[in-house]
file data-v4.cif (mmCIF, C-alpha atoms, pLDDT in the B column; chains and numbers go by the auth columns)
data_query
#
loop_
_atom_site.group_PDB
_atom_site.id
_atom_site.type_symbol
_atom_site.label_atom_id
_atom_site.label_comp_id
_atom_site.label_asym_id
_atom_site.label_seq_id
_atom_site.Cartn_x
_atom_site.Cartn_y
_atom_site.Cartn_z
_atom_site.B_iso_or_equiv
_atom_site.auth_seq_id
_atom_site.auth_asym_id
ATOM 1 C CA MET A 1 -1.890 -13.918 6.068 91.00 1 A
ATOM 2 C CA VAL A 2 -4.596 -11.582 7.296 92.00 2 A
ATOM 3 C CA LYS A 3 -5.175 -11.097 11.009 94.00 3 A
ATOM 4 C CA PHE A 4 -8.365 -9.394 12.153 95.00 4 A
ATOM 5 C CA GLU A 5 -8.650 -7.328 15.321 93.00 5 A
ATOM 6 C CA LYS A 6 -11.631 -5.542 16.860 95.00 6 A
ATOM 7 C CA ASP A 7 -11.331 -2.444 14.652 94.00 7 A
ATOM 8 C CA SER A 8 -8.435 -3.183 12.311 93.00 8 A
ATOM 9 C CA TYR A 9 -6.671 -5.846 10.313 92.00 9 A
ATOM 10 C CA ARG A 10 -3.055 -6.632 9.538 91.00 10 A
ATOM 11 C CA ILE A 11 -1.659 -8.227 6.430 91.00 11 A
ATOM 12 C CA ASP A 12 1.585 -10.198 6.766 92.00 12 A
ATOM 13 C CA ILE A 13 3.252 -11.018 3.470 92.00 13 A
ATOM 14 C CA HIS A 14 6.035 -13.582 3.241 93.00 14 A
ATOM 15 C CA THR A 15 8.229 -12.299 0.424 92.00 15 A
ATOM 16 C CA GLY A 16 10.927 -14.947 0.312 93.00 16 A
ATOM 17 C CA THR A 17 13.299 -12.128 -0.604 92.00 17 A
ATOM 18 C CA ASN A 18 14.227 -8.717 0.754 90.00 18 A
ATOM 19 C CA PRO A 19 10.980 -7.384 2.270 89.00 19 A
ATOM 20 C CA VAL A 20 12.003 -3.731 1.814 87.00 20 A
ATOM 21 C CA GLU A 21 12.533 -4.210 -1.921 90.00 21 A
ATOM 22 C CA ASN A 22 9.214 -6.061 -2.182 91.00 22 A
ATOM 23 C CA TYR A 23 7.443 -3.323 -0.201 89.00 23 A
ATOM 24 C CA LEU A 24 8.811 -0.597 -2.473 89.00 24 A
ATOM 25 C CA ALA A 25 7.884 -2.564 -5.592 93.00 25 A
ATOM 26 C CA LEU A 26 4.328 -2.996 -4.278 91.00 26 A
ATOM 27 C CA GLN A 27 4.010 0.743 -3.687 91.00 27 A
ATOM 28 C CA GLU A 28 5.221 1.417 -7.231 92.00 28 A
ATOM 29 C CA GLU A 29 2.679 -1.042 -8.645 93.00 29 A
ATOM 30 C CA ILE A 30 -0.192 0.535 -6.697 92.00 30 A
ATOM 31 C CA ALA A 31 0.892 3.990 -7.873 91.00 31 A
ATOM 32 C CA TYR A 32 0.960 2.662 -11.430 93.00 32 A
ATOM 33 C CA VAL A 33 -2.614 1.389 -11.076 91.00 33 A
ATOM 34 C CA PHE A 34 -3.705 4.882 -10.056 88.00 34 A
ATOM 35 C CA SER A 35 -1.792 6.431 -12.957 91.00 35 A
ATOM 36 C CA VAL A 36 -3.540 4.362 -15.642 92.00 36 A
ATOM 37 C CA LEU A 37 -7.074 4.754 -14.334 90.00 37 A
ATOM 38 C CA ARG A 38 -9.518 6.561 -16.574 90.00 38 A
ATOM 39 C CA PRO A 39 -12.924 7.878 -15.523 87.00 39 A
ATOM 40 C CA GLU A 40 -14.748 5.502 -17.871 90.00 40 A
ATOM 41 C CA ILE A 41 -13.283 2.410 -16.180 89.00 41 A
ATOM 42 C CA LEU A 42 -13.587 3.538 -12.560 88.00 42 A
ATOM 43 C CA PRO A 43 -16.392 2.139 -10.436 88.00 43 A
ATOM 44 C CA ASP A 44 -18.945 4.784 -9.426 87.00 44 A
ATOM 45 C CA GLU A 45 -17.690 4.703 -5.844 89.00 45 A
ATOM 46 C CA GLY A 46 -14.030 5.031 -6.911 86.00 46 A
ATOM 47 C CA LEU A 47 -11.324 2.948 -5.277 88.00 47 A
ATOM 48 C CA PRO A 48 -11.271 4.205 -1.686 89.00 48 A
ATOM 49 C CA GLN A 49 -9.984 0.973 -0.169 90.00 49 A
ATOM 50 C CA LEU A 50 -6.975 0.926 -2.489 89.00 50 A
ATOM 51 C CA ALA A 51 -6.240 4.543 -1.582 87.00 51 A
ATOM 52 C CA ILE A 52 -6.545 3.727 2.140 90.00 52 A
ATOM 53 C CA LEU A 53 -4.151 0.792 1.709 90.00 53 A
ATOM 54 C CA LEU A 54 -1.585 3.001 -0.011 89.00 54 A
ATOM 55 C CA MET A 55 -1.919 5.741 2.615 88.00 55 A
ATOM 56 C CA ASN A 56 -1.439 3.248 5.436 89.00 56 A
ATOM 57 C CA MET A 57 1.635 1.791 3.775 89.00 57 A
ATOM 58 C CA GLN A 58 3.444 5.114 4.129 89.00 58 A
ATOM 59 C CA PRO A 59 6.054 5.323 6.893 88.00 59 A
ATOM 60 C CA ASP A 60 5.537 7.589 9.864 89.00 60 A
ATOM 61 C CA TRP A 61 7.671 10.722 10.151 90.00 61 A
ATOM 62 C CA ASP A 62 10.469 9.168 12.248 91.00 62 A
ATOM 63 C CA THR A 63 10.778 6.128 9.997 87.00 63 A
ATOM 64 C CA ALA A 64 10.816 8.279 6.869 84.00 64 A
ATOM 65 C CA ARG A 65 13.588 10.459 8.321 86.00 65 A
ATOM 66 C CA LYS A 66 15.680 7.349 9.081 86.00 66 A
ATOM 67 C CA MET A 67 15.174 6.135 5.515 78.00 67 A
ATOM 68 C CA ALA A 68 16.776 9.353 4.246 75.00 68 A
ATOM 69 C CA GLU A 69 19.951 8.954 6.335 79.00 69 A
#
call {"tool": "encode", "arguments": {"input": "data-v4.cif", "output": "structure tokens"}}
result
Amino acid sequence: MVKFEKDSYRIDIHTGTNPVENYLALQEEIAYVFSVLRPEILPDEGLPQLAILLMNMQPDWDTARKMAE
């Protein structure tokens, strides 16, 4: 489900399974999409929204440190 705010939006995804595993799999799939892109198939404007999505999916510093414990 997508929820829109004044200057942002939030996507809630019901996974039906372990959400952490699903989240990590999604990040891997997005990274794969970037890895197979070739200049001849890219739109002229690139894929900035996909890059923004991936960047915003990254944990903040404190969360990332906890993940390494």
call {"tool": "atom_distance", "arguments": {"input": "data-v4.cif", "atom1": "CA of Asn18 in chain A", "atom2": "CA of Met55 in chain A"}}
result
21.8 Å
call {"tool": "resolve_selection", "arguments": {"input": "data-v4.cif", "expression": "the PyMOL selection byres ((chain A and resi 21-31) around 9)", "output": "PyMOL selection string"}}
result
chain A and resi 15+17-20+32-36+50-51+54+57-58
call {"tool": "atom_distance", "arguments": {"input": "data-v4.cif", "atom1": "CA of Asn56 in chain A", "atom2": "CA of Arg38 in chain A"}}
result
23.7 Å
call {"tool": "atom_distance", "arguments": {"input": "data-v4.cif", "atom1": "CA of Ile13 in chain A", "atom2": "CA of Thr63 in chain A"}}
result
19.8 Å
call {"tool": "residues_around", "arguments": {"input": "data-v4.cif", "residues": "Ile11 in chain A", "least_positions_apart": "6", "cutoff": "10 Å", "atoms": "all atoms listed in the file", "output": "PyMOL selection string"}}
result
chain A and resi 1-4
call {"tool": "axis_aligned_box", "arguments": {"input": "data-v4.cif", "around": "range 57-63 of chain A", "padding_each_side": "8 Å", "output": "lines of an AutoDock Vina configuration file"}}
result
center_x = 6.2
center_y = 6.3
center_z = 8.0
size_x = 25.1
size_y = 24.9
size_z = 24.5
call {"tool": "build_atoms", "arguments": {"input": "data-v4.cif", "residues": "range 34-56 of chain A", "atoms": "N, CA and C atoms", "output": "compact mmCIF listing (two decimals), in the frame of the given file"}}
result
# COMPACT_ATOMS: atom_id res chain seq x y z
N PHE A 34 -3.05 3.58 -10.10
CA PHE A 34 -3.70 4.88 -10.06
C PHE A 34 -3.40 5.70 -11.30
N SER A 35 -2.18 5.59 -11.82
CA SER A 35 -1.79 6.43 -12.96
C SER A 35 -2.49 6.04 -14.26
N VAL A 36 -2.91 4.80 -14.38
CA VAL A 36 -3.54 4.36 -15.64
C VAL A 36 -5.07 4.37 -15.59
N LEU A 37 -5.62 4.73 -14.45
CA LEU A 37 -7.07 4.75 -14.33
C LEU A 37 -7.67 5.88 -15.18
N ARG A 38 -8.77 5.58 -15.79
CA ARG A 38 -9.52 6.56 -16.57
C ARG A 38 -10.93 6.61 -16.02
N PRO A 39 -11.57 7.76 -16.09
CA PRO A 39 -12.92 7.88 -15.52
C PRO A 39 -13.90 6.82 -16.04
N GLU A 40 -13.78 6.45 -17.31
CA GLU A 40 -14.75 5.50 -17.87
C GLU A 40 -14.58 4.07 -17.35
N ILE A 41 -13.46 3.77 -16.71
CA ILE A 41 -13.28 2.41 -16.18
C ILE A 41 -13.36 2.35 -14.66
N LEU A 42 -13.49 3.51 -14.02
CA LEU A 42 -13.59 3.54 -12.56
C LEU A 42 -14.98 3.13 -12.10
N PRO A 43 -15.06 2.38 -11.01
CA PRO A 43 -16.39 2.14 -10.44
C PRO A 43 -16.97 3.47 -9.95
N ASP A 44 -18.29 3.55 -9.86
CA ASP A 44 -18.94 4.78 -9.43
C ASP A 44 -18.43 5.27 -8.07
N GLU A 45 -18.14 4.33 -7.19
CA GLU A 45 -17.69 4.70 -5.84
C GLU A 45 -16.18 4.96 -5.78
N GLY A 46 -15.48 4.83 -6.90
CA GLY A 46 -14.03 5.03 -6.91
C GLY A 46 -13.30 3.81 -6.36
N LEU A 47 -12.13 4.03 -5.86
CA LEU A 47 -11.32 2.95 -5.28
C LEU A 47 -10.81 3.37 -3.90
N PRO A 48 -11.72 3.68 -2.98
CA PRO A 48 -11.27 4.20 -1.69
C PRO A 48 -10.45 3.22 -0.88
N GLN A 49 -10.75 1.94 -0.97
CA GLN A 49 -9.98 0.97 -0.17
C GLN A 49 -8.54 0.86 -0.66
N LEU A 50 -8.34 0.96 -1.95
CA LEU A 50 -6.98 0.93 -2.49
C LEU A 50 -6.22 2.17 -2.04
N ALA A 51 -6.87 3.31 -2.05
CA ALA A 51 -6.24 4.54 -1.58
C ALA A 51 -5.91 4.45 -0.09
N ILE A 52 -6.79 3.89 0.70
CA ILE A 52 -6.54 3.73 2.14
C ILE A 52 -5.36 2.79 2.36
N LEU A 53 -5.29 1.71 1.60
CA LEU A 53 -4.15 0.79 1.71
C LEU A 53 -2.85 1.53 1.43
N LEU A 54 -2.80 2.28 0.35
CA LEU A 54 -1.58 3.00 -0.01
C LEU A 54 -1.22 4.03 1.06
N MET A 55 -2.20 4.75 1.57
CA MET A 55 -1.92 5.74 2.62
C MET A 55 -1.35 5.07 3.87
N ASN A 56 -1.89 3.92 4.23
CA ASN A 56 -1.44 3.25 5.44
C ASN A 56 -0.11 2.53 5.25
